[in-house]
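K.L.:
Right, I'll just put the structure down here and ask away after.
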Amino acid sequence: MKKQIITLTLLLSLCFSAWAQKEYKVAKSTGKLHLNLNGAVIEGYDGNEIIFSSQKTQEEEDERAKGLQAISGTGYKDNTGMGINVTENGQDIHVNMVGNRIDKDLLKIHVPKQFSITFTYHKTLQAELIVINNIKGEIELSTSYNKVKLENNSGPMNIKAIYGSVDVAFENDIKGPVSIISVYDYVDVALPASTKANIELGTSYGKLYAADDFNITVTERNVEKEEGARGHGATAISGTATRTADTPRGTINGAPTPPIAPVAPVVEDRTLGFVYRGSERENIKGTINGGGVDLIFKSNYKNVYLRTR
Amino acid sequence: MSDPIKRFVQENREAFDHLEPSAAVLQRIKDQLEHKTVVKKGFFKRHEKAKWLVAASILLGLVFTYTLYDEGKPTDADEPLHLVQKAAPKAADPEPSLAKTTEPPLATQDEAPKRKKRRAVPVYKAPEPLPQALHAQLVDSSSASIRLAAILEIERSGHMNDEILTALSKTIDQDGNSNVRVAALDVLGKYAHEPHIADLLIKSLGTQDDPLMQLSLINLLGGVDNKEVDETLFALTNDPRTFLAVKDEAYTVLLNQNKL
């Protein structure tokens, strides 16, 4: 029995020693964090340091690379030992990947919660999940292939994802404006039912879903029904054209005209004409709980979900 | 006793101590002493006419300064204009008392001409203060959210003029944030029936490289039967760098208009 316990203890200690967590700290309580990474988990916390941490097994350590430094065609050098370059420039902290990060675990970054975050990644390969939680500063995110999850961030925020989905859950302290757009995947937003907001939902080829609890008061609806090749009525730009879409139109030096109800094609003396095409675009503008912060949620090809939290 | 002359005098005192200097020597010494006192005389004692020259210079300086100051004052011919300009702000300003209260209570007389000069400058009447403030926010490079908030405010206000249109058109072409550009396009799209806005959007379709903006512009301009739009759409479909969704959207538009 004694031998078994000793053997087990030895095995466990070997296992724990094989996992080594690397850390890199930057003392900074406020500022802007510019991230150009394939993915990361970013957590806001009450602290004065930005802490980068990465789980790395000893098997992943390259014995041949000992004594050498990772370099990249981008010009960045790994100054953290985690395959990233961290540079401080006044109030801005820039974080860039050096070469290809091959860690199985996502890079974890603990950030003072008042920090603003700018996340940009548009490469095709190795696009991982981006998670941002508990940040009270401004968030700007622009990505092509990453999936995005945001939780308990106050905003304001501007999120753009091309292929990835965006899941967002807000707490009560929302600061606008919030704009979240995904081209190819869904946008799923959870809001407290008591949120006061001016809201805009839009999709070109998907559907809009909202919880009944919100009771959205629609102020502007733009459903562009497009039925196919009906462009014969349109004429050249220099002459008379046909306008059939019910896009709300504004006037210069005056208030915008109210939305125009769908009507039969009307010949107008305009230089431009709008004709039907083969999809149904939906765009809804309205208020929930009387209006408040500005919220914009759009997806071109997939659905937009608005649910209570 | 290091001085050799002093030592010599002390050692040979008896040889010349009984001698008396001649009267001429004494007189010469006295003359030299008197000459030294003349050197110590003050400037005005040495130059009797200098004080008159200084007084004349001061007088000339005063006259010159007075002449310059007199030229700086408004002439009689200017006075009626000054009164008119002074009266204009009172008529235009709905709260003249507010302007008075903002003045320092212990204003000195020296400050009065300065205020007069400020009022003489034509007062910019700001009939549309909202766009001015929003315009500043619209070009705020520090925060995309501030720019987005400005665009949403413009949209909400329904206020539009050429300056805002120009600013929004710059935003859709130059802003660094896609969400801001899309929001600006949403606002400009409402004015797409204006020919110059339409031209601007068509040009923008040819220059945009952000797929989100390209899709939004194709959605907006896709129904327009215009040669330049068609050419741009064909160019997008033939460009290998064009985003797949943008190509699909461009193909859809061209197909629906029987132009493929």
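In the structure tokens, chains take letters A, B, ... by order of appearance, with residues numbered from 1 within each chain and ligands from 1 in the order shown.
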Just need the residues of chain B within 6 Å of chain A, counting only C-alpha atoms, so spit them out as a PyMOL selection string.

P.N.:
chain B and resi 149+158+160-161+190-191+223-226+256-257

K.L.:
Could you give me, as a list of chain:residue names, the residues within 10 Å of range 235-249 of chain B, counting only C-alpha atoms and dropping anything in the same chain fewer than 3 positions from it?

P.N.:
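Final neighbour list, sorted by chain and number: A:Ile162, A:Val183, A:Tyr184, A:Asn300, A:Tyr301, B:Leu205, B:Gly206, B:Asp209, B:Asp210, B:Pro211, B:Leu212, B:Met213, B:Gln214, B:Leu215, B:Ser216, B:Ile218, B:Asn219, B:Gly222, B:Val229, B:Asp230, B:Glu231, B:Thr232, B:Thr252, B:Val253, B:Leu254, B:Leu255.
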
K.L.:
By how many Å are CA of Ala210 in chain A and CA of Asn179 in chain B apart?

P.N.:
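Separating CA of Ala210 in chain A from CA of Asn179 in chain B is a distance of 22.0 Å.
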
K.L.:
Could you list, as JSON, numbers by chain, every residue within 7 Å of Glu151 in chain A, counting only C-alpha atoms and ignoring same-chain residues fewer than 2 positions away?

P.N.:
{"A": [132, 133, 134, 149, 153, 168, 169, 170]}
